[in-house]
Amino acid sequence: MQPIKNVAVIGASGTLGSVALRKLLETGTLNVTVVRRSGSASTFPPNTKVIDVDYSSYESLKLAFTGQDAVLSFVPTFAAESQFAFIDAAVEAGVRRFIPSEFSANLDNPKARTLPIFVPKVKVQEYLFQKAKESGLTYTIIYGGGWLDAGSHRSFLLNISGETTNTYDGGNVPFSASTLDTVANSVVSALSHWDETKNRSLFVHSLVTTQNHLLSLAKEVMPGKPWATRDFKLDEVIARSDERLAQGLLDFETFSPYIFRAIFDPAFGGRYDQTDNQLLGIKEASEADVKDILKKLLQA
C-alpha cells in the first residue's frame, strides 16, 4: 500500500468537521486541504490550505480532488445528497478512499435505514457502494452512536442546561455514545489502517450508557440544577412525526424523533455490542471522563 499523504476535507467548519480537521492537522504527516464552498465565510486555523470550490460544478470539484488520496465528508444531514457529486468527482480524479458523512446512527441496521431522516444518507451509501464496484474508489463508513458533547444545539441525550430533559421509553435503554474526539480520532485512525478499513463499516463508541445514568452523573457534577425529566413513548412521538411528514412539514420537529428512535430503540441498533475500538486505538471513557465532559458542557 502506498502511504496516505493527501487528504481533502469537506464540511471542515461544522460540529464534527472542525474537530476532525484539528486532529488531521495534528498528525503532522498528512497534507490536508479544506475544500470550502464558494461564498462561505468559514475560517480555519492559520496555515491551513483552503480551496474555494463551486459545489455545483463537477469540473471544479474534480480539480480540487485531483492528487488527493482520500476525501472526507462532514456535510450536515440536510446536505447529504450533495455527496453524489463529490463521489463522482472523486472517481474521476482517481481518489482512493471516500469517507461519507455518517458518524452517528447505525445505518447497517435494516430498520434504521427506513427512517425518513436517513433516506438521503442511505441513497448516498448505495451509490458509493456501486461506484466502489465499478472503479478504484474505496470507502469506509464510520458509526459513533449518539454524540455526547456536541453542545446545547445538539442535546439529544440530555438537556445540558440542567432544565427538563426529555427521556424516551423510561430513559433506561442502553445505547452507544461517543465524544466528538472519539469520532474524529476514528476517522484519522482509519486512514492509517487502510487495508483493514477498506469497503466496510466501523463501529466505535466512548461508552454504552443510558439517559438516566447520564442524568445521575450530571446531578453529581452540578447538583444545584433541577434536572427534571419528562418521559415520552417513542411510538407516540414517531406517530406524530409521521403525521407531520404526511402534511409536508419538513422541519426539525418532524425529523428529530426519528433520530431518537435510532438512538433509543434497541431494535434500531443504537447499542454496539461489538466495536472496532481496539483496531482504531479508541479507549472507552470512564465515569470520571464523562463527568469531566459534562462539567465542561455545563460551564460553557
# chains A, B, ... in the order shown; residues from 1 in each chain; ligands from 1
>>> select_by_dssp(residues="region 109-232 of chain A", states="strand (DSSP E)", output="JSON, numbers by chain")
{"A": [138, 139, 140, 141, 142, 143, 146, 147, 165, 166, 167, 168, 175, 176, 177, 178, 200, 201, 202, 203, 207, 208, 209, 229, 230, 231, 232]}
>>> residues_around(residues="Phe98 (chain A)", least_positions_apart="2", cutoff="10 Å", atoms="only C-alpha atoms", output="list in words")
Val7, Ala8, Asp69, Ala70, Val71, Leu72, Ser73, Phe86, Ile87, Ala90, Val91, Val95, Arg96, Pro100, Ser101, Leu128, Ala132, Leu137, Thr138, Tyr139, Thr140, Ile141, Lys198 and Asn199 of chain A
>>> closest_residue(among="A:Gln125, A:Thr179, A:Thr29, A:Thr209", to="Tyr272 (chain A)", atoms="only C-alpha atoms")
A:Thr209
>>> closest_residue(among="A:Val290, A:Leu279, A:Ala41, A:Leu250", to="Asp195 (chain A)", atoms="only C-alpha atoms")
A:Leu279
>>> closest_residue(among="A:Val9, A:Leu63, A:Ser18, A:Met222", to="Lys49 (chain A)", atoms="only C-alpha atoms")
A:Val9
>>> closest_residue(among="A:Val204, A:Val221, A:Val53, A:Ala228", to="Val187 (chain A)", atoms="only C-alpha atoms")
A:Val204
>>> residues_around(residues="Lys121 (chain A)", least_positions_apart="5", cutoff="8 Å", atoms="only C-alpha atoms", output="PyMOL selection string")
chain A and resi 77+80-81+102
>>> write_last_selection(atoms="all heavy atoms", output="PDB file, in the first residue's frame")
ATOM      1  N   THR A  77     -26.592  16.539   7.725  1.00  0.00           N
ATOM      2  CA  THR A  77     -27.573  15.592   7.192  1.00  0.00           C
ATOM      3  C   THR A  77     -28.421  16.208   6.095  1.00  0.00           C
ATOM      4  O   THR A  77     -28.716  15.559   5.081  1.00  0.00           O
ATOM      5  CB  THR A  77     -28.470  15.068   8.326  1.00  0.00           C
ATOM      6  OG1 THR A  77     -27.666  14.375   9.282  1.00  0.00           O
ATOM      7  CG2 THR A  77     -29.535  14.117   7.803  1.00  0.00           C
ATOM      8  N   ALA A  80     -26.867  15.914   2.698  1.00  0.00           N
ATOM      9  CA  ALA A  80     -26.288  14.597   2.391  1.00  0.00           C
ATOM     10  C   ALA A  80     -26.219  14.327   0.890  1.00  0.00           C
ATOM     11  O   ALA A  80     -25.243  13.753   0.391  1.00  0.00           O
ATOM     12  CB  ALA A  80     -27.084  13.499   3.093  1.00  0.00           C
ATOM     13  N   GLU A  81     -27.244  14.737   0.141  1.00  0.00           N
ATOM     14  CA  GLU A  81     -27.289  14.391  -1.273  1.00  0.00           C
ATOM     15  C   GLU A  81     -26.266  15.160  -2.108  1.00  0.00           C
ATOM     16  O   GLU A  81     -26.035  14.812  -3.267  1.00  0.00           O
ATOM     17  CB  GLU A  81     -28.702  14.582  -1.806  1.00  0.00           C
ATOM     18  CG  GLU A  81     -29.680  13.564  -1.217  1.00  0.00           C
ATOM     19  CD  GLU A  81     -31.051  13.600  -1.842  1.00  0.00           C
ATOM     20  OE1 GLU A  81     -31.434  14.679  -2.347  1.00  0.00           O
ATOM     21  OE2 GLU A  81     -31.741  12.570  -1.834  1.00  0.00           O
ATOM     22  N   GLU A 102     -21.389  10.157   7.889  1.00  0.00           N
ATOM     23  CA  GLU A 102     -22.259   9.283   8.681  1.00  0.00           C
ATOM     24  C   GLU A 102     -22.033   9.624  10.150  1.00  0.00           C
ATOM     25  O   GLU A 102     -22.610  10.547  10.661  1.00  0.00           O
ATOM     26  CB  GLU A 102     -21.929   7.806   8.403  1.00  0.00           C
ATOM     27  CG  GLU A 102     -22.241   7.367   6.991  1.00  0.00           C
ATOM     28  CD  GLU A 102     -23.728   7.292   6.700  1.00  0.00           C
ATOM     29  OE1 GLU A 102     -24.527   7.370   7.648  1.00  0.00           O
ATOM     30  OE2 GLU A 102     -24.092   7.167   5.523  1.00  0.00           O
TER      31      GLU A 102
END
>>> closest_atom_pairs(of="region 74-141 of chain A", to="region 233-247 of chain A", cutoff="12 Å", atoms="only C-alpha atoms", output="JSON lines")
{"residue": "A:Leu115", "atom": "CA", "partner": "A:Ile238", "partner_atom": "CA", "distance": 10.0}
{"residue": "A:Pro116", "atom": "CA", "partner": "A:Leu245", "partner_atom": "CA", "distance": 8.9}
{"residue": "A:Ile117", "atom": "CA", "partner": "A:Leu245", "partner_atom": "CA", "distance": 10.4}
>>> write_last_selection(atoms="N, CA and C atoms", output="PDB file, in the first residue's frame")
ATOM      1  N   LEU A 115     -35.793   4.903   8.305  1.00  0.00           N
ATOM      2  CA  LEU A 115     -36.228   6.134   8.952  1.00  0.00           C
ATOM      3  C   LEU A 115     -36.099   7.311   7.981  1.00  0.00           C
ATOM      4  N   PRO A 116     -37.146   8.110   7.855  1.00  0.00           N
ATOM      5  CA  PRO A 116     -37.165   9.159   6.819  1.00  0.00           C
ATOM      6  C   PRO A 116     -35.980  10.107   6.836  1.00  0.00           C
ATOM      7  N   ILE A 117     -35.484  10.470   8.009  1.00  0.00           N
ATOM      8  CA  ILE A 117     -34.378  11.429   8.063  1.00  0.00           C
ATOM      9  C   ILE A 117     -33.102  10.876   7.444  1.00  0.00           C
TER      10      ILE A 117
END
>>> closest_residue(among="A:Glu253, A:Lys133, A:Asn106, A:Ala112", to="Arg271 (chain A)", atoms="only C-alpha atoms")
A:Asn106
>>> closest_residue(among="A:Ser186, A:Thr275, A:Ser178, A:Asn6", to="Ile263 (chain A)", atoms="only C-alpha atoms")
A:Ser178
>>> closest_atom_pairs(of="region 125-212 of chain A", to="region 216-219 of chain A", cutoff="12 Å", atoms="only C-alpha atoms", output="tab-separated table")
residue	atom	partner	partner_atom	distance
A:Leu157	CA	A:Ala218	CA	11.8
A:Leu158	CA	A:Ala218	CA	9.2
A:Asn159	CA	A:Ala218	CA	10.0
A:Ile160	CA	A:Ala218	CA	8.3
A:Ser161	CA	A:Ala218	CA	10.3
A:Gly162	CA	A:Ala218	CA	8.2
A:Glu163	CA	A:Lys219	CA	11.3
A:Thr165	CA	A:Ala218	CA	11.4
A:Gly171	CA	A:Ser216	CA	11.5
A:Asn172	CA	A:Ser216	CA	11.7
A:Thr209	CA	A:Leu217	CA	11.0
A:Thr210	CA	A:Ser216	CA	9.9
A:Gln211	CA	A:Ser216	CA	8.7
A:Asn212	CA	A:Ser216	CA	6.2
>>> write_last_selection(atoms="N, CA, C and O atoms", output="short mmCIF file (atom, residue, chain, number, x, y, z; two decimals), in the first residue's frame")
data_model
loop_
_atom_site.label_atom_id
_atom_site.label_comp_id
_atom_site.auth_asym_id
_atom_site.auth_seq_id
_atom_site.Cartn_x
_atom_site.Cartn_y
_atom_site.Cartn_z
N LEU A 157 -29.27 13.75 24.00
CA LEU A 157 -29.13 12.76 25.06
C LEU A 157 -29.62 13.29 26.40
O LEU A 157 -30.26 12.57 27.16
N LEU A 158 -29.28 14.53 26.72
CA LEU A 158 -29.81 15.19 27.91
C LEU A 158 -29.72 16.68 27.70
O LEU A 158 -28.92 17.17 26.90
N ASN A 159 -30.55 17.41 28.44
CA ASN A 159 -30.57 18.87 28.34
C ASN A 159 -29.46 19.42 29.22
O ASN A 159 -29.59 19.45 30.44
N ILE A 160 -28.37 19.86 28.60
CA ILE A 160 -27.20 20.23 29.39
C ILE A 160 -27.37 21.57 30.10
O ILE A 160 -26.49 21.99 30.85
N SER A 161 -28.51 22.25 29.87
CA SER A 161 -28.77 23.47 30.63
C SER A 161 -29.13 23.14 32.08
O SER A 161 -29.12 24.02 32.95
N GLY A 162 -29.46 21.85 32.33
CA GLY A 162 -29.88 21.45 33.66
C GLY A 162 -31.38 21.56 33.86
O GLY A 162 -31.91 21.20 34.91
N GLU A 163 -32.06 22.06 32.85
CA GLU A 163 -33.52 22.14 32.93
C GLU A 163 -34.11 20.78 32.51
O GLU A 163 -33.44 19.76 32.60
N THR A 165 -35.08 17.48 30.84
CA THR A 165 -34.59 16.57 29.81
C THR A 165 -35.73 15.67 29.37
O THR A 165 -36.45 15.10 30.19
N GLY A 171 -36.06 6.05 29.75
CA GLY A 171 -34.70 6.57 29.94
C GLY A 171 -33.67 5.55 30.36
O GLY A 171 -32.53 5.91 30.67
N ASN A 172 -34.05 4.26 30.38
CA ASN A 172 -33.12 3.22 30.82
C ASN A 172 -32.64 2.32 29.69
O ASN A 172 -32.09 1.24 29.94
N THR A 209 -24.24 3.70 27.63
CA THR A 209 -24.85 4.34 28.79
C THR A 209 -26.35 4.40 28.60
O THR A 209 -26.90 3.83 27.66
N THR A 210 -27.04 5.09 29.50
CA THR A 210 -28.48 5.36 29.37
C THR A 210 -28.70 6.83 29.67
O THR A 210 -27.85 7.50 30.28
N GLN A 211 -29.85 7.33 29.29
CA GLN A 211 -30.16 8.72 29.62
C GLN A 211 -30.19 8.94 31.14
O GLN A 211 -29.67 9.94 31.64
N ASN A 212 -30.79 7.99 31.85
CA ASN A 212 -30.89 8.17 33.29
C ASN A 212 -29.53 8.13 33.97
O ASN A 212 -29.29 8.84 34.96
#
>>> select_by_dssp(residues="region 155-282 of chain A", states="helix (DSSP H, G or I)", output="PyMOL selection string")
chain A and resi 180-192+211-221+234-246+252-264+266-268+277-280
>>> residues_around(residues="Ala20 (chain A)", least_positions_apart="6", cutoff="8 Å", atoms="only C-alpha atoms", output="PyMOL selection string")
chain A and resi 12+181+184-185+187-188
>>> residues_around(residues="Asp52 (chain A)", least_positions_apart="4", cutoff="7 Å", atoms="only C-alpha atoms", output="PyMOL selection string")
chain A and resi 35-38
